[in-house]
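Okay, model_32.csv now, which holds CSV, C-alpha atoms:
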chain,number,residue,atom,x,y,z
N,87,MET,CA,0.0,0.0,0.0
N,88,VAL,CA,2.8,2.4,0.9
N,89,LYS,CA,4.7,1.5,-2.3
N,90,LYS,CA,1.6,2.2,-4.3
N,91,LYS,CA,1.2,5.7,-2.8
N,92,GLN,CA,4.9,6.4,-3.5
N,93,ASP,CA,4.4,5.3,-7.1
N,94,ASP,CA,1.4,7.6,-7.4
N,95,ARG,CA,3.4,10.5,-6.1
N,96,ALA,CA,6.2,9.7,-8.5
N,97,GLN,CA,3.7,9.9,-11.4
N,98,ILE,CA,2.4,13.3,-10.5
N,99,PRO,CA,4.1,15.9,-12.7
N,100,PRO,CA,5.7,18.8,-10.9
N,101,SER,CA,3.7,22.1,-10.7
N,102,ALA,CA,4.3,24.8,-13.2
N,103,LEU,CA,5.7,27.1,-10.5
N,104,LYS,CA,8.2,24.5,-9.4
N,105,ILE,CA,9.3,23.9,-13.0
N,106,THR,CA,9.7,27.6,-13.6
N,107,PHE,CA,11.9,28.2,-10.6
N,108,ARG,CA,13.9,25.1,-11.4
N,109,GLU,CA,14.7,26.3,-14.9
N,110,ILE,CA,15.5,29.9,-13.6
N,111,PHE,CA,17.9,28.7,-10.9
N,112,LYS,CA,19.4,26.0,-13.2
N,113,SER,CA,21.0,28.8,-15.2
N,114,LYS,CA,23.5,31.1,-13.5
N,115,ALA,CA,22.7,34.0,-15.9
N,116,ALA,CA,18.9,33.6,-15.3
N,117,THR,CA,19.4,33.4,-11.5
N,118,ILE,CA,21.5,36.6,-11.5
N,119,ALA,CA,19.0,38.3,-13.8
N,120,PHE,CA,16.0,37.2,-11.6
N,121,CYS,CA,17.7,38.5,-8.4
N,122,THR,CA,18.7,41.7,-10.2
N,123,ILE,CA,15.1,42.3,-11.2
N,124,VAL,CA,13.9,41.8,-7.6
N,125,VAL,CA,16.5,44.2,-6.3
N,126,ILE,CA,15.6,46.9,-8.9
N,127,LEU,CA,11.9,46.5,-8.1
N,128,LEU,CA,12.6,46.9,-4.4
N,129,LEU,CA,14.8,49.9,-4.9
N,130,THR,CA,12.5,51.7,-7.3
N,131,PHE,CA,9.0,50.9,-5.9
N,132,GLY,CA,10.2,50.5,-2.3
N,133,GLY,CA,12.5,53.5,-2.4
N,134,SER,CA,9.8,55.7,-3.9
N,135,LEU,CA,7.6,55.2,-0.8
N,136,PHE,CA,10.1,57.2,1.2
N,137,LEU,CA,10.3,60.1,-1.4
N,138,ASP,CA,8.0,63.0,-1.9
N,139,SER,CA,7.5,63.4,-5.7
N,140,SER,CA,7.0,67.2,-5.3
N,141,LYS,CA,10.3,67.6,-3.5
N,142,VAL,CA,12.2,65.3,-5.8
N,143,THR,CA,11.4,67.6,-8.8
N,144,GLU,CA,11.9,70.8,-6.7
N,145,MET,CA,14.6,73.0,-8.2
N,146,HIS,CA,17.7,74.2,-6.3
N,147,ILE,CA,19.7,76.4,-8.7
N,148,LEU,CA,22.6,76.9,-6.3
N,149,GLU,CA,23.3,73.2,-6.3
N,150,SER,CA,23.0,72.7,-10.0
N,151,TYR,CA,25.6,70.3,-11.7
N,152,ALA,CA,27.0,69.0,-8.5
N,153,GLY,CA,29.3,66.0,-9.4
N,154,TRP,CA,29.5,62.5,-7.9
N,155,GLY,CA,29.1,62.7,-4.1
N,156,GLN,CA,29.3,66.5,-3.9
N,157,ASN,CA,27.1,68.4,-1.4
N,158,GLY,CA,25.7,65.1,-0.1
N,159,HIS,CA,24.3,64.0,-3.5
N,160,LEU,CA,25.6,60.5,-4.2
N,161,LEU,CA,25.0,60.6,-7.9
N,162,GLY,CA,25.2,64.4,-8.3
N,163,THR,CA,22.5,66.8,-9.4
N,164,ASP,CA,21.1,68.0,-12.7
N,165,ASP,CA,20.8,71.5,-14.2
N,166,GLY,CA,18.1,72.4,-11.7
N,167,GLY,CA,19.9,71.1,-8.7
N,168,ARG,CA,17.7,68.0,-8.4
N,169,ASP,CA,19.2,64.9,-6.9
N,170,ILE,CA,20.0,62.4,-9.6
N,171,LEU,CA,19.6,59.4,-7.3
N,172,ASN,CA,16.1,60.4,-6.3
N,173,LEU,CA,15.2,61.1,-9.9
N,174,LEU,CA,16.6,57.7,-10.9
N,175,ILE,CA,14.4,56.0,-8.3
N,176,MET,CA,11.3,57.8,-9.3
N,177,GLY,CA,12.0,57.7,-13.0
N,178,GLY,CA,12.8,53.9,-12.8
N,179,ARG,CA,9.5,53.3,-11.0
N,180,ASN,CA,7.5,55.4,-13.5
N,181,SER,CA,9.1,53.8,-16.6
N,182,ILE,CA,8.6,50.2,-15.2
N,183,MET,CA,5.1,51.0,-14.2
N,184,ILE,CA,4.2,52.3,-17.7
N,185,GLY,CA,5.9,49.3,-19.2
N,186,LEU,CA,3.7,47.0,-17.0
N,187,LEU,CA,0.5,48.9,-17.7
N,188,VAL,CA,1.1,49.0,-21.5
N,189,THR,CA,1.9,45.2,-21.4
N,190,LEU,CA,-1.3,44.5,-19.5
N,191,PHE,CA,-3.6,46.5,-21.9
N,192,CYS,CA,-1.9,45.0,-25.0
N,193,GLU,CA,-2.0,41.5,-23.7
N,194,LEU,CA,-5.6,41.7,-22.8
N,195,VAL,CA,-6.8,43.2,-26.1
N,196,GLY,CA,-4.4,41.1,-28.2
N,197,LEU,CA,-5.3,37.9,-26.4
N,198,ILE,CA,-9.0,38.3,-26.9
N,199,VAL,CA,-8.7,39.4,-30.5
N,200,GLY,CA,-6.3,36.6,-31.3
N,201,LEU,CA,-8.5,34.1,-29.5
N,202,VAL,CA,-11.6,35.1,-31.5
N,203,ALA,CA,-9.8,35.3,-34.8
N,204,GLY,CA,-8.0,32.0,-34.4
N,205,TYR,CA,-10.9,30.1,-33.0
N,206,TYR,CA,-13.6,31.1,-35.5
N,207,GLY,CA,-11.4,31.4,-38.6
N,208,GLY,CA,-13.0,32.0,-42.0
N,209,THR,CA,-14.6,35.4,-42.6
N,210,THR,CA,-14.2,36.5,-39.0
N,211,ASP,CA,-10.5,35.8,-39.1
N,212,SER,CA,-10.1,37.7,-42.4
N,213,ILE,CA,-11.9,40.8,-41.2
N,214,ILE,CA,-10.0,41.0,-37.9
N,215,MET,CA,-6.6,40.4,-39.5
N,216,ARG,CA,-7.2,43.1,-42.2
N,217,ILE,CA,-7.9,45.5,-39.3
N,218,VAL,CA,-4.7,44.4,-37.6
N,219,ASP,CA,-2.8,44.8,-40.9
N,220,PHE,CA,-4.1,48.4,-41.3
N,221,VAL,CA,-3.1,49.4,-37.7
N,222,GLN,CA,0.3,47.8,-38.1
N,223,ILE,CA,1.2,49.7,-41.3
N,224,LEU,CA,0.5,53.1,-39.6
N,225,PRO,CA,3.6,55.0,-38.7
N,226,GLN,CA,3.5,54.6,-34.9
N,227,MET,CA,6.1,57.1,-33.7
N,228,PRO,CA,5.0,60.1,-35.8
N,229,ILE,CA,1.3,59.5,-34.8
N,230,LEU,CA,2.2,59.2,-31.1
N,231,ILE,CA,4.3,62.4,-31.3
N,232,VAL,CA,1.4,64.3,-32.9
N,233,LEU,CA,-1.2,63.0,-30.4
N,234,VAL,CA,1.1,63.8,-27.5
N,235,THR,CA,1.4,67.4,-28.8
N,236,VAL,CA,-2.3,68.1,-29.4
N,237,LEU,CA,-4.1,66.2,-26.7
N,238,PRO,CA,-5.2,68.4,-23.7
N,239,ASN,CA,-4.7,67.3,-20.1
N,240,TYR,CA,-1.9,64.9,-21.1
N,241,ASN,CA,-0.7,62.6,-18.4
N,242,ALA,CA,1.0,59.3,-17.7
N,243,MET,CA,-2.3,57.3,-18.2
N,244,THR,CA,-2.8,59.0,-21.6
N,245,LEU,CA,0.7,57.9,-22.7
N,246,VAL,CA,-0.1,54.3,-21.6
N,247,LEU,CA,-3.3,54.3,-23.7
N,248,LEU,CA,-1.6,55.8,-26.7
N,249,ILE,CA,1.2,53.2,-26.8
N,250,SER,CA,-1.3,50.4,-26.2
N,251,MET,CA,-3.3,51.7,-29.2
N,252,PHE,CA,-0.7,50.2,-31.5
N,253,GLY,CA,0.9,47.5,-29.3
N,254,TRP,CA,-2.0,45.1,-29.2
N,255,THR,CA,-1.7,44.1,-32.9
N,256,GLY,CA,1.5,42.2,-32.5
N,257,GLU,CA,0.0,40.3,-29.6
N,258,ALA,CA,-3.1,39.5,-31.6
N,259,ARG,CA,-1.0,37.9,-34.4
N,260,TYR,CA,1.1,36.0,-31.9
N,261,TYR,CA,-1.9,34.4,-30.0
N,262,ARG,CA,-3.8,33.8,-33.2
N,263,SER,CA,-1.1,31.5,-34.5
N,264,PHE,CA,-1.3,29.4,-31.4
N,265,ILE,CA,-5.1,29.2,-31.4
N,266,LEU,CA,-5.1,28.1,-35.0
N,267,SER,CA,-2.9,25.1,-34.0
N,268,GLN,CA,-5.1,24.3,-31.0
N,269,ARG,CA,-8.6,24.5,-32.4
N,270,GLU,CA,-8.3,21.2,-34.3
N,271,ARG,CA,-6.9,19.3,-31.4
N,272,ASP,CA,-8.8,16.3,-30.0
N,273,TYR,CA,-9.8,18.0,-26.7
N,274,VAL,CA,-11.4,20.9,-28.6
N,275,LEU,CA,-13.3,18.6,-30.9
N,276,ALA,CA,-14.4,16.5,-27.9
N,277,SER,CA,-15.7,19.7,-26.1
N,278,LYS,CA,-17.7,20.7,-29.2
N,279,THR,CA,-19.2,17.2,-29.5
N,280,SER,CA,-20.2,17.3,-25.8
N,281,GLY,CA,-22.1,20.5,-26.5
N,282,SER,CA,-19.9,23.0,-24.8
N,283,SER,CA,-20.3,26.6,-25.8
N,284,ASN,CA,-17.7,28.4,-27.9
N,285,THR,CA,-16.9,30.8,-25.1
N,286,LYS,CA,-16.4,28.0,-22.6
N,287,ILE,CA,-14.1,26.2,-25.1
N,288,MET,CA,-12.0,29.3,-25.7
N,289,PHE,CA,-11.6,30.5,-22.2
N,290,ARG,CA,-11.7,27.2,-20.2
N,291,GLU,CA,-10.2,24.7,-22.6
N,292,ILE,CA,-7.8,26.5,-25.1
N,293,LEU,CA,-6.6,29.3,-22.9
N,294,PRO,CA,-5.1,27.2,-20.1
N,295,ASN,CA,-3.1,25.2,-22.8
N,296,ILE,CA,-1.3,28.3,-24.0
N,297,ALA,CA,-0.7,29.7,-20.5
N,298,SER,CA,3.0,29.2,-20.7
N,299,MET,CA,3.2,31.1,-24.0
N,300,ILE,CA,1.2,34.0,-22.4
N,301,ILE,CA,3.6,34.2,-19.5
N,302,ILE,CA,6.7,34.2,-21.7
N,303,ASP,CA,5.2,36.9,-24.0
N,304,VAL,CA,4.2,39.1,-21.0
N,305,VAL,CA,7.7,39.0,-19.6
N,306,LEU,CA,9.5,39.8,-22.8
N,307,SER,CA,6.9,42.5,-23.8
N,308,VAL,CA,7.6,44.5,-20.6
N,309,SER,CA,11.2,45.3,-21.6
N,310,GLY,CA,10.0,46.4,-25.1
N,311,ASN,CA,7.3,48.6,-23.7
N,312,ILE,CA,9.7,50.2,-21.2
N,313,GLY,CA,12.0,50.9,-24.2
N,314,ILE,CA,9.1,52.6,-26.2
N,315,GLU,CA,8.3,54.9,-23.2
N,316,THR,CA,12.0,55.7,-22.7
N,317,ALA,CA,12.5,56.5,-26.4
N,318,LEU,CA,9.5,58.9,-26.4
N,319,SER,CA,10.7,60.6,-23.2
N,320,PHE,CA,14.2,60.8,-24.6
N,321,ILE,CA,13.0,62.9,-27.6
N,322,GLY,CA,10.7,65.0,-25.4
N,323,TYR,CA,7.3,63.4,-26.3
N,324,GLY,CA,6.9,60.9,-23.4
N,325,LEU,CA,5.9,61.7,-19.8
N,326,PRO,CA,5.2,65.4,-18.9
N,327,ASN,CA,8.3,67.4,-17.8
N,328,LYS,CA,7.3,67.3,-14.2
N,329,ILE,CA,7.3,63.5,-14.0
N,330,PRO,CA,10.7,61.8,-13.9
N,331,SER,CA,11.5,59.1,-16.3
N,332,LEU,CA,14.6,57.1,-17.4
N,333,GLY,CA,14.1,58.6,-20.9
N,334,THR,CA,14.3,62.2,-19.6
N,335,LEU,CA,17.5,61.4,-17.7
N,336,ILE,CA,19.1,59.7,-20.7
N,337,GLY,CA,18.0,62.8,-22.7
N,338,PHE,CA,20.8,64.8,-21.0
N,339,ALA,CA,23.1,62.9,-23.4
N,340,ASN,CA,21.7,65.1,-26.2
N,341,ASP,CA,24.1,67.8,-25.1
N,342,PRO,CA,27.8,66.9,-26.1
N,343,VAL,CA,29.0,68.8,-23.1
N,344,ASN,CA,27.1,66.5,-20.7
N,345,ILE,CA,28.4,63.4,-22.5
N,346,ILE,CA,32.0,64.4,-21.8
N,347,ASP,CA,32.0,66.6,-18.7
N,348,ARG,CA,28.8,65.5,-16.8
N,349,PRO,CA,28.3,61.7,-17.2
N,350,TRP,CA,26.5,61.5,-13.9
N,351,LEU,CA,23.4,63.1,-15.6
N,352,TRP,CA,22.8,60.3,-18.1
N,353,LEU,CA,25.0,57.3,-17.3
N,354,PRO,CA,23.1,55.9,-14.3
N,355,ALA,CA,19.8,55.9,-16.1
N,356,THR,CA,21.4,54.3,-19.2
N,357,VAL,CA,23.0,51.6,-17.1
N,358,LEU,CA,19.8,50.9,-15.3
N,359,LEU,CA,17.8,50.7,-18.5
N,360,LEU,CA,20.3,48.2,-20.0
N,361,VAL,CA,20.3,46.1,-16.8
N,362,ILE,CA,16.5,46.0,-16.7
N,363,CYS,CA,16.1,44.9,-20.4
N,364,LEU,CA,18.9,42.3,-20.3
N,365,SER,CA,17.7,40.8,-17.0
N,366,ILE,CA,14.1,40.5,-18.3
N,367,ASN,CA,15.3,38.9,-21.5
N,368,TYR,CA,17.4,36.3,-19.6
N,369,VAL,CA,14.4,35.5,-17.3
N,370,GLY,CA,12.2,35.2,-20.4
N,371,GLN,CA,14.6,32.7,-21.9
N,372,ALA,CA,14.4,30.6,-18.7
N,373,LEU,CA,10.6,30.8,-18.8
N,374,GLN,CA,10.6,29.6,-22.3
N,375,LYS,CA,12.7,26.6,-21.3
N,376,ALA,CA,10.4,26.0,-18.4
N,377,GLY,CA,7.4,25.9,-20.8
N,378,ASP,CA,9.1,23.4,-23.0
N,379,ALA,CA,10.1,21.3,-19.9
N,380,ARG,CA,6.5,21.3,-18.6
N,381,GLN,CA,5.2,20.0,-21.9
N,382,ARG,CA,7.8,17.2,-21.9
N,383,GLU,CA,7.0,16.2,-18.3
N,384,ASN,CA,3.2,16.3,-18.9

Here is the file; what I need is its structure written in the form of structure tokens.
Amino acid sequence: MVKKKQDDRAQIPPSALKITFREIFKSKAATIAFCTIVVILLLTFGGSLFLDSSKVTEMHILESYAGWGQNGHLLGTDDGGRDILNLLIMGGRNSIMIGLLVTLFCELVGLIVGLVAGYYGGTTDSIIMRIVDFVQILPQMPILIVLVTVLPNYNAMTLVLLISMFGWTGEARYYRSFILSQRERDYVLASKTSGSSNTKIMFREILPNIASMIIIDVVLSVSGNIGIETALSFIGYGLPNKIPSLGTLIGFANDPVNIIDRPWLWLPATVLLLVICLSINYVGQALQKAGDARQREN
């Protein structure tokens, strides 16, 4: 009896969470990347709890362009005498938050659109995909710049919605390709035969089977969306001037004098952005391996 219970336990496949952490900690690079992301999140989101946003952006002209460690400022100050470390914490939090929100909106819309197009196919698929094609051929950056310029009461949430307006199309195509391969599987045909509704089949049968692909895409999309926000802020069409961002800090590098004589203005934000993107990509690769390992063990 005891031996039978042990055999049953041995046959139970490990949970998705266990497989994920196993794959992450199996790779030294993925482990370092995962720990780095955790540290960055603690420093940006945790550190911002101890900062007053109005004081962080408050100008002190007499302390402008203080170098590394001068006047009690570890990373120096900018042209307005604002502490670079505080701006880096707040800016990192804002950029990461916008990347997460854009990813959330794009994934939700793209997943639903891709699910409907891939499941129903035929005319429905053709109409949806032609709309996706039309949105994708639009020049994203010029349109975003124009809308940022003309929209009244522009704020961070407006920027999230504007970026999401174009970002969902890639997700829709991505998920549609998976749904097309799933809709003819035996478990879907069996559900149809048993009389299950299309909505139930899509959201309770097909969706759990592509969960690993969703997680991988979410993780990798975050770094890309952080990059889009940073690029817009870098050229002056991202977050409003009063809201710190990694892009606005990196924007100090537009001045050749700052590149050579004042590296503390732009270098910390540049390094932080590179570390965030590289760490997310390494973790994404580990998640992809975890998804493959789960399919093998199931």

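Nearest to Asp219 in chain N of all the residues N:Arg348, N:His159, N:Lys328, N:Arg259 is N:Arg259, counting all atoms listed in the file.
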
| request: Identify which of the residues N:Ile314, N:Ile229, N:Met299, N:Ala372 lies closest to Lys114 in chain N, counting all atoms listed in the file when measuring atom-to-atom distances. | output: N:Ala372

| message | Using all atoms listed in the file for the distances, tell me which of N:Arg262, N:Leu161, N:Ser181, N:Gly253 is nearest to Phe320 in chain N. | response | N:Ser181

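Proximity ranking of N:Tyr261, N:Tyr368, N:Phe220, N:Tyr206 relative to Leu194 in chain N places N:Tyr261 first, based on all atoms listed in the file.
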
Could you tell me, as a PDB file with C-alpha atoms, in the coordinates of the input, which residues have any atom at most 10 Å from (22.4, 37.7, -14.3), counting only C-alpha atoms?
ATOM      1  CA  SER N 113      21.000  28.800 -15.200  1.00  0.00           C
ATOM      2  CA  LYS N 114      23.500  31.100 -13.500  1.00  0.00           C
ATOM      3  CA  ALA N 115      22.700  34.000 -15.900  1.00  0.00           C
ATOM      4  CA  ALA N 116      18.900  33.600 -15.300  1.00  0.00           C
ATOM      5  CA  THR N 117      19.400  33.400 -11.500  1.00  0.00           C
ATOM      6  CA  ILE N 118      21.500  36.600 -11.500  1.00  0.00           C
ATOM      7  CA  ALA N 119      19.000  38.300 -13.800  1.00  0.00           C
ATOM      8  CA  PHE N 120      16.000  37.200 -11.600  1.00  0.00           C
ATOM      9  CA  CYS N 121      17.700  38.500  -8.400  1.00  0.00           C
ATOM     10  CA  THR N 122      18.700  41.700 -10.200  1.00  0.00           C
ATOM     11  CA  ILE N 123      15.100  42.300 -11.200  1.00  0.00           C
ATOM     12  CA  VAL N 361      20.300  46.100 -16.800  1.00  0.00           C
ATOM     13  CA  LEU N 364      18.900  42.300 -20.300  1.00  0.00           C
ATOM     14  CA  SER N 365      17.700  40.800 -17.000  1.00  0.00           C
ATOM     15  CA  ILE N 366      14.100  40.500 -18.300  1.00  0.00           C
ATOM     16  CA  TYR N 368      17.400  36.300 -19.600  1.00  0.00           C
ATOM     17  CA  VAL N 369      14.400  35.500 -17.300  1.00  0.00           C
TER      18      VAL N 369
END

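Counting from CA of Pro326 in chain N, the distance to CA of Leu237 in chain N is 12.2 Å.
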
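The space between CA of Val199 in chain N and CA of Ala258 in chain N spans 5.7 Å.
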
| For CA of Leu201 in chain N and CA of Ser307 in chain N, the interatomic separation in Å (one decimal) | 18.4 Å

| N:Val142, N:Glu257, N:Val232, N:Gly208: which is nearest Leu306 in chain N, counting only C-alpha atoms? | N:Glu257

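For the residues N:Trp352, N:Ala203, N:Ile198, N:Gly333, ranking by smallest atom-to-atom distance to Leu293 in chain N using all atoms listed in the file places N:Ile198 first.
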
| said: Can you tell me which residues surround Gly207 in chain N at a distance of at most 12 Å, considering all atoms listed in the file, apart from same-chain residues fewer than 3 positions away, and format the answer as a VMD selection string? | reply: chain N and resid 199 to 204 210 to 215 262 to 263 265 to 267 269 to 270

Go ahead and write the residues just picked, C-alpha atoms, as a tab-separated table (two decimals), keeping the file's coordinate frame.
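File written: out09.tsv
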chain	number	residue	atom	x	y	z
N	199	VAL	CA	-8.70	39.40	-30.50
N	200	GLY	CA	-6.30	36.60	-31.30
N	201	LEU	CA	-8.50	34.10	-29.50
N	202	VAL	CA	-11.60	35.10	-31.50
N	203	ALA	CA	-9.80	35.30	-34.80
N	204	GLY	CA	-8.00	32.00	-34.40
N	210	THR	CA	-14.20	36.50	-39.00
N	211	ASP	CA	-10.50	35.80	-39.10
N	212	SER	CA	-10.10	37.70	-42.40
N	213	ILE	CA	-11.90	40.80	-41.20
N	214	ILE	CA	-10.00	41.00	-37.90
N	215	MET	CA	-6.60	40.40	-39.50
N	262	ARG	CA	-3.80	33.80	-33.20
N	263	SER	CA	-1.10	31.50	-34.50
N	265	ILE	CA	-5.10	29.20	-31.40
N	266	LEU	CA	-5.10	28.10	-35.00
N	267	SER	CA	-2.90	25.10	-34.00
N	269	ARG	CA	-8.60	24.50	-32.40
N	270	GLU	CA	-8.30	21.20	-34.30

Sorted per-residue table, range 173-230 of chain N near range 243-249 of chain N, closest atoms and distance, 7 Å, only C-alpha atoms, as a tab-separated table:
residue	atom	partner	partner_atom	distance
N:Ile184	CA	N:Val246	CA	6.1
N:Leu187	CA	N:Val246	CA	6.7
N:Val188	CA	N:Val246	CA	5.4
N:Leu230	CA	N:Leu248	CA	6.7

Using the atoms already present, construct all heavy atoms for range 218-227 of chain N and hand them back as a PDB file, keeping the file's coordinate frame.
ATOM      1  N   VAL N 218      -6.056  44.436 -38.226  1.00  0.00           N
ATOM      2  CA  VAL N 218      -4.700  44.400 -37.600  1.00  0.00           C
ATOM      3  C   VAL N 218      -3.660  44.841 -38.577  1.00  0.00           C
ATOM      4  O   VAL N 218      -2.757  45.610 -38.212  1.00  0.00           O
ATOM      5  CB  VAL N 218      -4.437  42.933 -37.120  1.00  0.00           C
ATOM      6  CG1 VAL N 218      -2.978  42.795 -36.695  1.00  0.00           C
ATOM      7  CG2 VAL N 218      -5.357  42.548 -35.968  1.00  0.00           C
ATOM      8  N   ASP N 219      -3.759  44.401 -39.836  1.00  0.00           N
ATOM      9  CA  ASP N 219      -2.800  44.800 -40.900  1.00  0.00           C
ATOM     10  C   ASP N 219      -2.796  46.326 -41.047  1.00  0.00           C
ATOM     11  O   ASP N 219      -1.741  46.954 -41.179  1.00  0.00           O
ATOM     12  CB  ASP N 219      -3.092  44.132 -42.194  1.00  0.00           C
ATOM     13  CG  ASP N 219      -2.814  42.639 -42.150  1.00  0.00           C
ATOM     14  OD1 ASP N 219      -2.051  42.214 -41.269  1.00  0.00           O
ATOM     15  OD2 ASP N 219      -3.382  41.908 -42.982  1.00  0.00           O
ATOM     16  N   PHE N 220      -4.003  46.910 -41.046  1.00  0.00           N
ATOM     17  CA  PHE N 220      -4.100  48.400 -41.300  1.00  0.00           C
ATOM     18  C   PHE N 220      -3.462  49.131 -40.107  1.00  0.00           C
ATOM     19  O   PHE N 220      -2.723  50.102 -40.333  1.00  0.00           O
ATOM     20  CB  PHE N 220      -5.587  48.761 -41.369  1.00  0.00           C
ATOM     21  CG  PHE N 220      -5.812  50.244 -41.411  1.00  0.00           C
ATOM     22  CD1 PHE N 220      -5.521  50.960 -42.558  1.00  0.00           C
ATOM     23  CD2 PHE N 220      -6.293  50.923 -40.298  1.00  0.00           C
ATOM     24  CE1 PHE N 220      -5.714  52.342 -42.603  1.00  0.00           C
ATOM     25  CE2 PHE N 220      -6.490  52.293 -40.333  1.00  0.00           C
ATOM     26  CZ  PHE N 220      -6.194  53.007 -41.494  1.00  0.00           C
ATOM     27  N   VAL N 221      -3.707  48.685 -38.866  1.00  0.00           N
ATOM     28  CA  VAL N 221      -3.100  49.400 -37.700  1.00  0.00           C
ATOM     29  C   VAL N 221      -1.602  49.220 -37.714  1.00  0.00           C
ATOM     30  O   VAL N 221      -0.864  50.166 -37.392  1.00  0.00           O
ATOM     31  CB  VAL N 221      -3.718  48.829 -36.397  1.00  0.00           C
ATOM     32  CG1 VAL N 221      -3.032  49.471 -35.188  1.00  0.00           C
ATOM     33  CG2 VAL N 221      -5.215  49.085 -36.345  1.00  0.00           C
ATOM     34  N   GLN N 222      -1.109  48.050 -38.128  1.00  0.00           N
ATOM     35  CA  GLN N 222       0.300  47.800 -38.100  1.00  0.00           C
ATOM     36  C   GLN N 222       1.105  48.610 -39.130  1.00  0.00           C
ATOM     37  O   GLN N 222       2.281  48.911 -38.921  1.00  0.00           O
ATOM     38  CB  GLN N 222       0.609  46.305 -38.301  1.00  0.00           C
ATOM     39  CG  GLN N 222       0.349  45.469 -37.064  1.00  0.00           C
ATOM     40  CD  GLN N 222       0.860  44.051 -37.206  1.00  0.00           C
ATOM     41  OE1 GLN N 222       0.728  43.428 -38.258  1.00  0.00           O
ATOM     42  NE2 GLN N 222       1.438  43.526 -36.142  1.00  0.00           N
ATOM     43  N   ILE N 223       0.474  48.958 -40.262  1.00  0.00           N
ATOM     44  CA  ILE N 223       1.200  49.700 -41.300  1.00  0.00           C
ATOM     45  C   ILE N 223       1.233  51.210 -40.987  1.00  0.00           C
ATOM     46  O   ILE N 223       1.944  51.965 -41.652  1.00  0.00           O
ATOM     47  CB  ILE N 223       0.612  49.483 -42.691  1.00  0.00           C
ATOM     48  CG1 ILE N 223      -0.825  50.025 -42.759  1.00  0.00           C
ATOM     49  CG2 ILE N 223       0.675  48.025 -43.082  1.00  0.00           C
ATOM     50  CD1 ILE N 223      -1.417  49.994 -44.151  1.00  0.00           C
ATOM     51  N   LEU N 224       0.464  51.650 -39.986  1.00  0.00           N
ATOM     52  CA  LEU N 224       0.500  53.100 -39.600  1.00  0.00           C
ATOM     53  C   LEU N 224       1.830  53.424 -38.999  1.00  0.00           C
ATOM     54  O   LEU N 224       2.396  52.628 -38.240  1.00  0.00           O
ATOM     55  CB  LEU N 224      -0.648  53.375 -38.643  1.00  0.00           C
ATOM     56  CG  LEU N 224      -2.078  53.225 -39.155  1.00  0.00           C
ATOM     57  CD1 LEU N 224      -3.073  53.424 -38.017  1.00  0.00           C
ATOM     58  CD2 LEU N 224      -2.361  54.210 -40.282  1.00  0.00           C
ATOM     59  N   PRO N 225       2.358  54.605 -39.286  1.00  0.00           N
ATOM     60  CA  PRO N 225       3.600  55.000 -38.700  1.00  0.00           C
ATOM     61  C   PRO N 225       3.416  55.365 -37.188  1.00  0.00           C
ATOM     62  O   PRO N 225       2.904  56.431 -36.847  1.00  0.00           O
ATOM     63  CB  PRO N 225       4.018  56.280 -39.478  1.00  0.00           C
ATOM     64  CG  PRO N 225       2.715  56.797 -40.010  1.00  0.00           C
ATOM     65  CD  PRO N 225       1.833  55.609 -40.236  1.00  0.00           C
ATOM     66  N   GLN N 226       3.838  54.454 -36.317  1.00  0.00           N
ATOM     67  CA  GLN N 226       3.500  54.600 -34.900  1.00  0.00           C
ATOM     68  C   GLN N 226       4.127  55.813 -34.253  1.00  0.00           C
ATOM     69  O   GLN N 226       3.411  56.602 -33.627  1.00  0.00           O
ATOM     70  CB  GLN N 226       4.008  53.319 -34.165  1.00  0.00           C
ATOM     71  CG  GLN N 226       3.744  53.356 -32.665  1.00  0.00           C
ATOM     72  CD  GLN N 226       4.219  52.090 -31.974  1.00  0.00           C
ATOM     73  OE1 GLN N 226       4.629  51.136 -32.618  1.00  0.00           O
ATOM     74  NE2 GLN N 226       4.176  52.074 -30.655  1.00  0.00           N
ATOM     75  N   MET N 227       5.422  55.990 -34.388  1.00  0.00           N
ATOM     76  CA  MET N 227       6.100  57.100 -33.700  1.00  0.00           C
ATOM     77  C   MET N 227       5.583  58.476 -34.128  1.00  0.00           C
ATOM     78  O   MET N 227       5.269  59.318 -33.271  1.00  0.00           O
ATOM     79  CB  MET N 227       7.606  56.993 -33.912  1.00  0.00           C
ATOM     80  CG  MET N 227       8.305  56.032 -32.974  1.00  0.00           C
ATOM     81  SD  MET N 227       8.163  56.563 -31.244  1.00  0.00           S
ATOM     82  CE  MET N 227       9.095  55.256 -30.426  1.00  0.00           C
TER      83      MET N 227
END
